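K.L.:
If it helps, the file is called coords.pdb and holds PDB, C-alpha atoms, pLDDT in the B column:
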ATOM      1  CA  ASN A   1       0.000   0.000   0.000  1.00 73.00           C
ATOM      2  CA  ALA A   2       1.209   3.507  -0.825  1.00 79.00           C
ATOM      3  CA  GLY A   3      -0.867   4.912   2.052  1.00 93.00           C
ATOM      4  CA  VAL A   4      -1.779   8.579   1.693  1.00 96.00           C
ATOM      5  CA  THR A   5      -0.172  10.374  -1.257  1.00 97.00           C
ATOM      6  CA  GLN A   6      -0.171  14.065  -2.154  1.00 98.00           C
ATOM      7  CA  THR A   7       0.833  16.047  -5.225  1.00 97.00           C
ATOM      8  CA  PRO A   8       2.567  18.334  -5.855  1.00 97.00           C
ATOM      9  CA  LYS A   9       5.259  18.466  -3.148  1.00 97.00           C
ATOM     10  CA  PHE A  10       5.977  22.137  -3.776  1.00 97.00           C
ATOM     11  CA  GLN A  11       4.023  24.886  -5.520  1.00 97.00           C
ATOM     12  CA  VAL A  12       4.448  28.624  -6.024  1.00 97.00           C
ATOM     13  CA  LEU A  13       1.428  30.688  -7.033  1.00 97.00           C
ATOM     14  CA  LYS A  14       0.751  34.332  -7.692  1.00 97.00           C
ATOM     15  CA  THR A  15      -2.053  36.092  -5.861  1.00 98.00           C
ATOM     16  CA  GLY A  16      -5.362  35.398  -7.553  1.00 97.00           C
ATOM     17  CA  GLN A  17      -4.323  32.182  -9.270  1.00 97.00           C
ATOM     18  CA  SER A  18      -6.231  28.977  -8.701  1.00 96.00           C
ATOM     19  CA  MET A  19      -4.975  25.463  -8.189  1.00 96.00           C
ATOM     20  CA  THR A  20      -5.915  22.035  -6.880  1.00 98.00           C
ATOM     21  CA  LEU A  21      -3.935  20.062  -4.343  1.00 98.00           C
ATOM     22  CA  GLN A  22      -4.355  16.355  -4.920  1.00 98.00           C
ATOM     23  CA  CYS A  23      -4.751  13.711  -2.226  1.00 98.00           C
ATOM     24  CA  ALA A  24      -5.313   9.996  -2.646  1.00 97.00           C
ATOM     25  CA  GLN A  25      -5.336   6.961  -0.359  1.00 96.00           C
ATOM     26  CA  ASP A  26      -5.392   3.255  -1.159  1.00 94.00           C
ATOM     27  CA  MET A  27      -6.478   1.973   2.256  1.00 92.00           C
ATOM     28  CA  ASN A  28     -10.226   2.143   1.549  1.00 92.00           C
ATOM     29  CA  HIS A  29     -10.669   4.698   4.326  1.00 93.00           C
ATOM     30  CA  GLU A  30     -14.025   6.453   4.443  1.00 92.00           C
ATOM     31  CA  TYR A  31     -12.768   9.466   6.410  1.00 93.00           C
ATOM     32  CA  MET A  32     -10.378  11.963   4.821  1.00 95.00           C
ATOM     33  CA  SER A  33      -9.387  15.474   5.843  1.00 95.00           C
ATOM     34  CA  TRP A  34      -7.183  18.458   5.034  1.00 97.00           C
ATOM     35  CA  TYR A  35      -5.050  20.397   7.527  1.00 97.00           C
ATOM     36  CA  ARG A  36      -2.799  23.386   7.144  1.00 97.00           C
ATOM     37  CA  GLN A  37       0.327  23.880   9.214  1.00 97.00           C
ATOM     38  CA  ASP A  38       1.761  27.305   9.909  1.00 95.00           C
ATOM     39  CA  PRO A  39       4.823  28.065  12.069  1.00 87.00           C
ATOM     40  CA  GLY A  40       3.923  28.086  15.752  1.00 81.00           C
ATOM     41  CA  MET A  41       0.281  27.226  15.033  1.00 82.00           C
ATOM     42  CA  GLY A  42       0.166  23.453  14.972  1.00 88.00           C
ATOM     43  CA  LEU A  43      -2.171  21.831  12.460  1.00 94.00           C
ATOM     44  CA  ARG A  44      -5.621  23.262  11.803  1.00 95.00           C
ATOM     45  CA  LEU A  45      -8.497  21.419  10.149  1.00 94.00           C
ATOM     46  CA  ILE A  46      -9.735  22.922   6.857  1.00 96.00           C
ATOM     47  CA  HIS A  47     -12.329  20.435   5.531  1.00 96.00           C
ATOM     48  CA  TYR A  48     -13.171  16.803   6.032  1.00 94.00           C
ATOM     49  CA  SER A  49     -15.240  14.063   4.434  1.00 94.00           C
ATOM     50  CA  VAL A  50     -16.864  10.959   5.895  1.00 91.00           C
ATOM     51  CA  GLY A  51     -17.463   9.321   2.529  1.00 91.00           C
ATOM     52  CA  ALA A  52     -18.027   9.857  -1.173  1.00 93.00           C
ATOM     53  CA  GLY A  53     -20.383  12.779  -1.742  1.00 94.00           C
ATOM     54  CA  ILE A  54     -20.167  14.053   1.854  1.00 93.00           C
ATOM     55  CA  THR A  55     -17.977  16.966   2.958  1.00 95.00           C
ATOM     56  CA  ASP A  56     -18.011  19.418   5.842  1.00 93.00           C
ATOM     57  CA  GLN A  57     -16.090  22.413   7.123  1.00 93.00           C
ATOM     58  CA  GLY A  58     -13.406  22.390   9.753  1.00 91.00           C
ATOM     59  CA  GLU A  59     -11.853  25.217  11.763  1.00 90.00           C
ATOM     60  CA  VAL A  60     -10.424  27.289   8.862  1.00 94.00           C
ATOM     61  CA  PRO A  61     -12.480  26.606   5.671  1.00 96.00           C
ATOM     62  CA  ASN A  62     -12.556  30.088   4.101  1.00 96.00           C
ATOM     63  CA  GLY A  63     -10.875  30.280   0.698  1.00 96.00           C
ATOM     64  CA  TYR A  64     -10.903  26.518   0.125  1.00 97.00           C
ATOM     65  CA  ASN A  65     -13.297  24.133  -1.616  1.00 97.00           C
ATOM     66  CA  VAL A  66     -13.395  20.344  -1.540  1.00 97.00           C
ATOM     67  CA  SER A  67     -15.312  17.547  -3.186  1.00 96.00           C
ATOM     68  CA  ARG A  68     -15.318  13.776  -2.735  1.00 96.00           C
ATOM     69  CA  SER A  69     -16.440  11.896  -5.827  1.00 96.00           C
ATOM     70  CA  THR A  70     -14.638   8.647  -4.961  1.00 96.00           C
ATOM     71  CA  THR A  71     -13.483   6.948  -1.762  1.00 95.00           C
ATOM     72  CA  GLU A  72      -9.842   7.218  -2.870  1.00 96.00           C
ATOM     73  CA  ASP A  73      -9.530  10.926  -3.776  1.00 97.00           C
ATOM     74  CA  PHE A  74     -10.089  14.141  -1.841  1.00 98.00           C
ATOM     75  CA  PRO A  75      -8.783  17.216  -3.724  1.00 98.00           C
ATOM     76  CA  LEU A  76      -8.470  20.660  -2.144  1.00 98.00           C
ATOM     77  CA  ARG A  77      -9.119  23.669  -4.378  1.00 98.00           C
ATOM     78  CA  LEU A  78      -7.916  27.223  -3.950  1.00 97.00           C
ATOM     79  CA  LEU A  79     -10.106  29.378  -6.192  1.00 92.00           C
ATOM     80  CA  SER A  80      -8.200  32.659  -5.790  1.00 96.00           C
ATOM     81  CA  ALA A  81      -4.948  32.248  -3.882  1.00 97.00           C
ATOM     82  CA  ALA A  82      -3.932  34.821  -1.276  1.00 97.00           C
ATOM     83  CA  PRO A  83      -0.590  35.291   0.539  1.00 97.00           C
ATOM     84  CA  SER A  84      -2.331  34.245   3.774  1.00 96.00           C
ATOM     85  CA  GLN A  85      -2.698  30.773   2.247  1.00 97.00           C
ATOM     86  CA  THR A  86       1.058  30.267   2.193  1.00 97.00           C
ATOM     87  CA  SER A  87       1.417  27.149   4.317  1.00 98.00           C
ATOM     88  CA  VAL A  88       2.161  23.449   4.364  1.00 98.00           C
ATOM     89  CA  TYR A  89      -0.927  21.387   3.592  1.00 98.00           C
ATOM     90  CA  PHE A  90      -1.398  17.862   4.892  1.00 98.00           C
ATOM     91  CA  CYS A  91      -4.044  15.419   3.804  1.00 98.00           C
ATOM     92  CA  ALA A  92      -5.013  12.673   6.240  1.00 96.00           C
ATOM     93  CA  SER A  93      -7.202   9.605   6.264  1.00 94.00           C
ATOM     94  CA  ARG A  94      -8.617   7.618   9.131  1.00 91.00           C
ATOM     95  CA  SER A  95      -9.221   3.923   9.467  1.00 80.00           C
ATOM     96  CA  GLY A  96     -12.807   4.382  10.645  1.00 79.00           C
ATOM     97  CA  LEU A  97     -15.505   6.949  11.146  1.00 72.00           C
ATOM     98  CA  ALA A  98     -15.195   6.906  14.924  1.00 74.00           C
ATOM     99  CA  GLY A  99     -13.291   9.800  16.401  1.00 75.00           C
ATOM    100  CA  THR A 100     -11.078   7.295  18.239  1.00 78.00           C
ATOM    101  CA  ASP A 101      -9.610   5.730  15.108  1.00 83.00           C
ATOM    102  CA  THR A 102      -6.002   6.251  14.036  1.00 86.00           C
ATOM    103  CA  GLN A 103      -5.317   9.058  11.579  1.00 90.00           C
ATOM    104  CA  TYR A 104      -2.546   8.820   8.958  1.00 92.00           C
ATOM    105  CA  PHE A 105      -0.973  11.814   7.215  1.00 95.00           C
ATOM    106  CA  GLY A 106       0.281  12.283   3.684  1.00 97.00           C
ATOM    107  CA  PRO A 107       3.744  13.774   2.969  1.00 97.00           C
ATOM    108  CA  GLY A 108       2.460  17.328   2.578  1.00 97.00           C
ATOM    109  CA  THR A 109       2.417  20.086  -0.052  1.00 98.00           C
ATOM    110  CA  ARG A 110       4.409  23.249   0.594  1.00 97.00           C
ATOM    111  CA  LEU A 111       2.544  26.161  -0.996  1.00 97.00           C
ATOM    112  CA  THR A 112       3.885  29.684  -1.407  1.00 97.00           C
ATOM    113  CA  VAL A 113       1.610  32.493  -2.628  1.00 97.00           C
ATOM    114  CA  LEU A 114       3.408  35.608  -3.829  1.00 96.00           C
TER
ATOM    115  CA  GLY B   1     -15.215  23.586  20.032  1.00 78.00           C
ATOM    116  CA  GLU B   2     -12.175  21.875  21.450  1.00 86.00           C
ATOM    117  CA  ASN B   3      -9.113  23.881  22.591  1.00 91.00           C
ATOM    118  CA  VAL B   4      -5.770  22.176  23.234  1.00 95.00           C
ATOM    119  CA  GLU B   5      -2.919  23.913  25.057  1.00 97.00           C
ATOM    120  CA  GLN B   6       0.599  22.432  24.956  1.00 98.00           C
ATOM    121  CA  HIS B   7       3.653  23.220  27.103  1.00 97.00           C
ATOM    122  CA  PRO B   8       6.509  23.871  26.881  1.00 97.00           C
ATOM    123  CA  SER B   9       7.062  25.210  23.374  1.00 97.00           C
ATOM    124  CA  THR B  10      10.761  24.259  23.569  1.00 97.00           C
ATOM    125  CA  LEU B  11      12.372  21.607  25.765  1.00 98.00           C
ATOM    126  CA  SER B  12      16.097  20.908  25.936  1.00 98.00           C
ATOM    127  CA  VAL B  13      17.322  17.826  27.833  1.00 98.00           C
ATOM    128  CA  GLN B  14      20.592  15.965  28.156  1.00 98.00           C
ATOM    129  CA  GLU B  15      20.877  12.682  26.301  1.00 98.00           C
ATOM    130  CA  GLY B  16      19.780   9.878  28.601  1.00 98.00           C
ATOM    131  CA  ASP B  17      17.517  12.099  30.715  1.00 98.00           C
ATOM    132  CA  SER B  18      13.709  12.058  30.639  1.00 98.00           C
ATOM    133  CA  ALA B  19      11.434  14.524  28.840  1.00 98.00           C
ATOM    134  CA  VAL B  20       7.851  15.406  29.733  1.00 98.00           C
ATOM    135  CA  ILE B  21       5.427  17.364  27.559  1.00 98.00           C
ATOM    136  CA  LYS B  22       2.038  18.413  28.916  1.00 98.00           C
ATOM    137  CA  CYS B  23      -1.291  19.212  27.271  1.00 98.00           C
ATOM    138  CA  THR B  24      -4.662  20.358  28.497  1.00 98.00           C
ATOM    139  CA  TYR B  25      -7.974  20.189  26.649  1.00 96.00           C
ATOM    140  CA  SER B  26     -11.315  21.903  27.075  1.00 94.00           C
ATOM    141  CA  ASP B  27     -14.013  19.531  25.767  1.00 90.00           C
ATOM    142  CA  SER B  28     -14.984  17.075  28.491  1.00 88.00           C
ATOM    143  CA  ALA B  29     -16.527  14.800  25.834  1.00 87.00           C
ATOM    144  CA  SER B  30     -13.165  14.238  24.081  1.00 90.00           C
ATOM    145  CA  ASN B  31     -12.133  10.603  24.284  1.00 89.00           C
ATOM    146  CA  TYR B  32      -9.084  10.154  22.032  1.00 91.00           C
ATOM    147  CA  PHE B  33      -5.654  11.717  22.589  1.00 94.00           C
ATOM    148  CA  PRO B  34      -2.871  10.959  20.095  1.00 95.00           C
ATOM    149  CA  TRP B  35       0.714  12.196  20.072  1.00 97.00           C
ATOM    150  CA  TYR B  36       2.554  12.872  16.827  1.00 97.00           C
ATOM    151  CA  LYS B  37       6.258  13.317  16.146  1.00 97.00           C
ATOM    152  CA  GLN B  38       7.332  15.496  13.241  1.00 97.00           C
ATOM    153  CA  GLU B  39      10.869  15.721  11.932  1.00 96.00           C
ATOM    154  CA  LEU B  40      11.939  18.702   9.847  1.00 93.00           C
ATOM    155  CA  GLY B  41      10.271  18.649   6.437  1.00 92.00           C
ATOM    156  CA  LYS B  42       8.395  15.408   7.154  1.00 95.00           C
ATOM    157  CA  ARG B  43       4.805  14.441   7.859  1.00 96.00           C
ATOM    158  CA  PRO B  44       3.478  14.012  11.418  1.00 96.00           C
ATOM    159  CA  GLN B  45       3.862  10.398  12.539  1.00 96.00           C
ATOM    160  CA  LEU B  46       1.735   8.838  15.265  1.00 95.00           C
ATOM    161  CA  ILE B  47       3.934   7.619  18.122  1.00 97.00           C
ATOM    162  CA  ILE B  48       1.372   6.748  20.781  1.00 97.00           C
ATOM    163  CA  ASP B  49      -2.265   7.379  21.594  1.00 95.00           C
ATOM    164  CA  ILE B  50      -4.601   6.879  24.506  1.00 94.00           C
ATOM    165  CA  ARG B  51      -8.338   6.494  24.752  1.00 89.00           C
ATOM    166  CA  SER B  52     -10.371   7.709  27.672  1.00 81.00           C
ATOM    167  CA  ASN B  53     -11.043   4.281  29.114  1.00 79.00           C
ATOM    168  CA  VAL B  54      -7.428   3.984  30.330  1.00 81.00           C
ATOM    169  CA  GLY B  55      -5.199   6.225  32.442  1.00 91.00           C
ATOM    170  CA  GLU B  56      -1.779   5.220  31.157  1.00 94.00           C
ATOM    171  CA  LYS B  57      -0.219   3.517  28.173  1.00 95.00           C
ATOM    172  CA  LYS B  58       3.421   2.565  27.563  1.00 96.00           C
ATOM    173  CA  ASP B  59       5.390   1.582  24.504  1.00 95.00           C
ATOM    174  CA  GLN B  60       9.054   0.944  25.279  1.00 96.00           C
ATOM    175  CA  ARG B  61      10.585   4.337  26.194  1.00 97.00           C
ATOM    176  CA  ILE B  62       7.379   6.287  25.543  1.00 98.00           C
ATOM    177  CA  ALA B  63       4.388   6.604  27.837  1.00 98.00           C
ATOM    178  CA  VAL B  64       1.264   8.719  27.918  1.00 98.00           C
ATOM    179  CA  THR B  65      -0.851   9.491  30.970  1.00 97.00           C
ATOM    180  CA  LEU B  66      -4.388  10.848  30.992  1.00 96.00           C
ATOM    181  CA  ASN B  67      -6.264  12.609  33.794  1.00 95.00           C
ATOM    182  CA  LYS B  68      -9.855  13.063  32.621  1.00 92.00           C
ATOM    183  CA  THR B  69     -10.935  14.852  35.772  1.00 92.00           C
ATOM    184  CA  ALA B  70      -8.326  17.563  35.316  1.00 94.00           C
ATOM    185  CA  LYS B  71      -8.532  17.371  31.495  1.00 94.00           C
ATOM    186  CA  HIS B  72      -4.847  16.988  30.927  1.00 95.00           C
ATOM    187  CA  PHE B  73      -2.545  14.399  29.376  1.00 97.00           C
ATOM    188  CA  SER B  74       1.221  14.091  29.182  1.00 98.00           C
ATOM    189  CA  LEU B  75       3.901  12.452  27.075  1.00 98.00           C
ATOM    190  CA  HIS B  76       6.892  10.926  28.865  1.00 98.00           C
ATOM    191  CA  ILE B  77      10.055   9.905  27.037  1.00 98.00           C
ATOM    192  CA  THR B  78      12.701   8.102  29.090  1.00 98.00           C
ATOM    193  CA  GLU B  79      16.386   7.522  28.292  1.00 98.00           C
ATOM    194  CA  THR B  80      16.277  10.131  25.534  1.00 98.00           C
ATOM    195  CA  GLN B  81      18.395   9.606  22.429  1.00 97.00           C
ATOM    196  CA  PRO B  82      19.541  11.986  19.660  1.00 96.00           C
ATOM    197  CA  GLU B  83      16.909  10.585  17.307  1.00 97.00           C
ATOM    198  CA  ASP B  84      14.196  11.781  19.695  1.00 98.00           C
ATOM    199  CA  SER B  85      14.959  15.370  18.616  1.00 98.00           C
ATOM    200  CA  ALA B  86      11.848  16.597  16.748  1.00 97.00           C
ATOM    201  CA  VAL B  87       8.642  18.583  17.191  1.00 97.00           C
ATOM    202  CA  TYR B  88       5.944  16.768  19.142  1.00 98.00           C
ATOM    203  CA  PHE B  89       2.238  17.540  18.866  1.00 97.00           C
ATOM    204  CA  CYS B  90      -0.572  16.481  21.142  1.00 97.00           C
ATOM    205  CA  ALA B  91      -4.136  16.351  19.866  1.00 96.00           C
ATOM    206  CA  ALA B  92      -7.656  15.612  20.989  1.00 94.00           C
ATOM    207  CA  ASN B  93     -10.862  14.742  19.191  1.00 90.00           C
ATOM    208  CA  SER B  94     -14.040  16.710  19.754  1.00 77.00           C
ATOM    209  CA  GLY B  95     -16.434  14.603  21.744  1.00 62.00           C
ATOM    210  CA  GLY B  96     -15.771  11.490  19.712  1.00 54.00           C
ATOM    211  CA  GLY B  97     -17.300  13.026  16.630  1.00 61.00           C
ATOM    212  CA  ALA B  98     -16.222  12.720  13.011  1.00 64.00           C
ATOM    213  CA  ASP B  99     -14.869  16.208  12.556  1.00 71.00           C
ATOM    214  CA  GLY B 100     -11.170  15.548  13.113  1.00 85.00           C
ATOM    215  CA  LEU B 101      -8.489  16.406  15.637  1.00 91.00           C
ATOM    216  CA  THR B 102      -7.582  19.647  17.393  1.00 93.00           C
ATOM    217  CA  PHE B 103      -3.823  19.997  17.789  1.00 95.00           C
ATOM    218  CA  GLY B 104      -1.613  21.740  20.288  1.00 96.00           C
ATOM    219  CA  LYS B 105       0.965  24.161  18.923  1.00 96.00           C
ATOM    220  CA  GLY B 106       3.856  21.764  19.329  1.00 97.00           C
ATOM    221  CA  THR B 107       6.958  21.251  21.467  1.00 97.00           C
ATOM    222  CA  HIS B 108      10.419  21.403  19.950  1.00 97.00           C
ATOM    223  CA  LEU B 109      12.411  18.742  21.815  1.00 98.00           C
ATOM    224  CA  ILE B 110      16.175  19.152  21.672  1.00 98.00           C
ATOM    225  CA  ILE B 111      18.428  16.352  22.909  1.00 97.00           C
ATOM    226  CA  GLN B 112      21.819  17.686  23.983  1.00 95.00           C
ATOM    227  CA  PRO B 113      24.743  15.264  23.535  1.00 91.00           C
TER
END
As C-alpha cells, please, write out the structure in this file.

P.N.:
Amino acid sequence: NAGVTQTPKFQVLKTGQSMTLQCAQDMNHEYMSWYRQDPGMGLRLIHYSVGAGITDQGEVPNGYNVSRSTTEDFPLRLLSAAPSQTSVYFCASRSGLAGTDTQYFGPGTRLTVL
Amino acid sequence: GENVEQHPSTLSVQEGDSAVIKCTYSDSASNYFPWYKQELGKRPQLIIDIRSNVGEKKDQRIAVTLNKTAKHFSLHITETQPEDSAVYFCAANSGGGADGLTFGKGTHLIIQP
C-alpha cells in the first residue's frame, strides 16, 4: 500500500491564481481530511469528508473548496490564492468513522503564494 | 469547540535524561488523545495514543498518561536519544465526533549530547 499520497510536493502561485492540491489513499478509508500547518500554530483542520459525496467544514475553511467523488480521492481547491494561504498542507485519512480511530498523514504540499 | 494547550514550546534535555510534555484540553466529551512526532520537512507520525477508558499507556521508552478529571494528558520519554529530537504535537478529538483532531501548537524537543 502507498498509504496517503499528495501532489505536488511544492508549488508557487501568484495572488489570484487557482490550483488544486491532490490527495489519494489506497487503504479504503471512508474518512479523509485536510489540515494546514503554519509556524507556531500546529495543524488546523480545513475540511473533512466521511465518505463519497459528503464533505463538511473544519476550523479554517474560508478560501478553500473540496469535493469527494470517490473513496480514494479528496482534492483541495484554492479558487483565488492569497498570501495568507502560504502554508504546508497535509491530507489525512482515518481507518474508521469513529473519532477514536487512528489518523494517517500524507507527505504534505508546501505552498507559497506571492 | 475543542481547545488544546501544549507546554513547553521548547524543551532541551541531556541525552539519557527524561522529557515530559504536557497538554490540556477543554471539551470534556473528548475521548481520544494521540501524540505525533514530526521531523523537519516530514509528515506528522503517530507515536502513541490513549483512549479515555485507560489512564496510562506505555510503549518501550514512551508513555502517555491521561487525567480526565483535570482534562490533561502528558507524554513521557525516558532515556532520551539523539533521534528523539523533533517537534511533538498532542491532539484531541471533539467529543468522539467525526470532525477531526484539534492539535496543540507543538513542542520542539532538543536532545543535547

K.L.:
Take the ChimeraX specification (/A :<12) & /B, run it mentally on this structure, and tell me the resulting residues as number ranges by chain.

P.N.:
B: 1-6, 9-10, 29-53, 87-108

K.L.:
Print the selection's residues with C-alpha atoms to a file, as a PDB file, in the frame of the given file.

P.N.:
ATOM      1  CA  GLY B   1     -15.215  23.586  20.032  1.00 78.00           C
ATOM      2  CA  GLU B   2     -12.175  21.875  21.450  1.00 86.00           C
ATOM      3  CA  ASN B   3      -9.113  23.881  22.591  1.00 91.00           C
ATOM      4  CA  VAL B   4      -5.770  22.176  23.234  1.00 95.00           C
ATOM      5  CA  GLU B   5      -2.919  23.913  25.057  1.00 97.00           C
ATOM      6  CA  GLN B   6       0.599  22.432  24.956  1.00 98.00           C
ATOM      7  CA  SER B   9       7.062  25.210  23.374  1.00 97.00           C
ATOM      8  CA  THR B  10      10.761  24.259  23.569  1.00 97.00           C
ATOM      9  CA  ALA B  29     -16.527  14.800  25.834  1.00 87.00           C
ATOM     10  CA  SER B  30     -13.165  14.238  24.081  1.00 90.00           C
ATOM     11  CA  ASN B  31     -12.133  10.603  24.284  1.00 89.00           C
ATOM     12  CA  TYR B  32      -9.084  10.154  22.032  1.00 91.00           C
ATOM     13  CA  PHE B  33      -5.654  11.717  22.589  1.00 94.00           C
ATOM     14  CA  PRO B  34      -2.871  10.959  20.095  1.00 95.00           C
ATOM     15  CA  TRP B  35       0.714  12.196  20.072  1.00 97.00           C
ATOM     16  CA  TYR B  36       2.554  12.872  16.827  1.00 97.00           C
ATOM     17  CA  LYS B  37       6.258  13.317  16.146  1.00 97.00           C
ATOM     18  CA  GLN B  38       7.332  15.496  13.241  1.00 97.00           C
ATOM     19  CA  GLU B  39      10.869  15.721  11.932  1.00 96.00           C
ATOM     20  CA  LEU B  40      11.939  18.702   9.847  1.00 93.00           C
ATOM     21  CA  GLY B  41      10.271  18.649   6.437  1.00 92.00           C
ATOM     22  CA  LYS B  42       8.395  15.408   7.154  1.00 95.00           C
ATOM     23  CA  ARG B  43       4.805  14.441   7.859  1.00 96.00           C
ATOM     24  CA  PRO B  44       3.478  14.012  11.418  1.00 96.00           C
ATOM     25  CA  GLN B  45       3.862  10.398  12.539  1.00 96.00           C
ATOM     26  CA  LEU B  46       1.735   8.838  15.265  1.00 95.00           C
ATOM     27  CA  ILE B  47       3.934   7.619  18.122  1.00 97.00           C
ATOM     28  CA  ILE B  48       1.372   6.748  20.781  1.00 97.00           C
ATOM     29  CA  ASP B  49      -2.265   7.379  21.594  1.00 95.00           C
ATOM     30  CA  ILE B  50      -4.601   6.879  24.506  1.00 94.00           C
ATOM     31  CA  ARG B  51      -8.338   6.494  24.752  1.00 89.00           C
ATOM     32  CA  SER B  52     -10.371   7.709  27.672  1.00 81.00           C
ATOM     33  CA  ASN B  53     -11.043   4.281  29.114  1.00 79.00           C
ATOM     34  CA  VAL B  87       8.642  18.583  17.191  1.00 97.00           C
ATOM     35  CA  TYR B  88       5.944  16.768  19.142  1.00 98.00           C
ATOM     36  CA  PHE B  89       2.238  17.540  18.866  1.00 97.00           C
ATOM     37  CA  CYS B  90      -0.572  16.481  21.142  1.00 97.00           C
ATOM     38  CA  ALA B  91      -4.136  16.351  19.866  1.00 96.00           C
ATOM     39  CA  ALA B  92      -7.656  15.612  20.989  1.00 94.00           C
ATOM     40  CA  ASN B  93     -10.862  14.742  19.191  1.00 90.00           C
ATOM     41  CA  SER B  94     -14.040  16.710  19.754  1.00 77.00           C
ATOM     42  CA  GLY B  95     -16.434  14.603  21.744  1.00 62.00           C
ATOM     43  CA  GLY B  96     -15.771  11.490  19.712  1.00 54.00           C
ATOM     44  CA  GLY B  97     -17.300  13.026  16.630  1.00 61.00           C
ATOM     45  CA  ALA B  98     -16.222  12.720  13.011  1.00 64.00           C
ATOM     46  CA  ASP B  99     -14.869  16.208  12.556  1.00 71.00           C
ATOM     47  CA  GLY B 100     -11.170  15.548  13.113  1.00 85.00           C
ATOM     48  CA  LEU B 101      -8.489  16.406  15.637  1.00 91.00           C
ATOM     49  CA  THR B 102      -7.582  19.647  17.393  1.00 93.00           C
ATOM     50  CA  PHE B 103      -3.823  19.997  17.789  1.00 95.00           C
ATOM     51  CA  GLY B 104      -1.613  21.740  20.288  1.00 96.00           C
ATOM     52  CA  LYS B 105       0.965  24.161  18.923  1.00 96.00           C
ATOM     53  CA  GLY B 106       3.856  21.764  19.329  1.00 97.00           C
ATOM     54  CA  THR B 107       6.958  21.251  21.467  1.00 97.00           C
ATOM     55  CA  HIS B 108      10.419  21.403  19.950  1.00 97.00           C
TER      56      HIS B 108
END

K.L.:
Any chance you could resolve the PyMOL selection byres ((chain B and resi 61) around 9) against this file and give the residues as a list in words?

P.N.:
Lys58, Asp59, Gln60, Ile62, Ala63, His76, Ile77, Thr78, Glu79 and Thr80 of chain B

K.L.:
Give me the result of the PyMOL selection byres ((chain A and resi 23) around 7) on this file, residue by residue, as a list in words.

P.N.:
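On this input, the PyMOL selection byres ((chain A and resi 23) around 7) captures Thr5, Gln6, Thr7, Leu21, Gln22, Ala24, Asp73, Phe74, Pro75 and Cys91 of chain A.
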
K.L.:
In Å, how far is it from CA of Ser87 in chain A to CA of Thr112 in chain A?

P.N.:
6.7 Å

K.L.:
Might you pull out every residue within 7 Å of Thr20 in chain A, with only C-alpha atoms counted and same-chain residues fewer than 3 positions away left off, and present them as a list of chain:residue names?

P.N.:
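In the requested form, the answer reads A:Pro75, A:Leu76, A:Arg77, A:Leu78.
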
K.L.:
Which distance in Å separates CA of Ser69 in chain A and CA of Met19 in chain A, to one decimal?

P.N.:
17.9 Å

K.L.:
Counting only C-alpha atoms, figure out which residue out of B:Leu109, B:Lys57, B:Leu66, B:Ala86 gets nearest to Pro8 in chain B.

P.N.:
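For Pro8 in chain B, the nearest of the given residues is B:Leu109.
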
K.L.:
Would you work out the distance separating CA of Ser67 in chain A from CA of Leu79 in chain A, expressed in Å to one decimal?

P.N.:
13.3 Å

K.L.:
Leaving out Asn28 in chain A and any residue of its chain fewer than 4 positions from it, which residues lie within 9 Å of it when counting only C-alpha atoms, given as a ChimeraX atom specification?

P.N.:
/A:71-72,95

K.L.:
Skipping near chain neighbours, those fewer than 2 positions away, what residues fall within 6 Å of Lys14 in chain A using only C-alpha atoms, listed as a PyMOL selection string?

P.N.:
chain A and resi 17+113-114
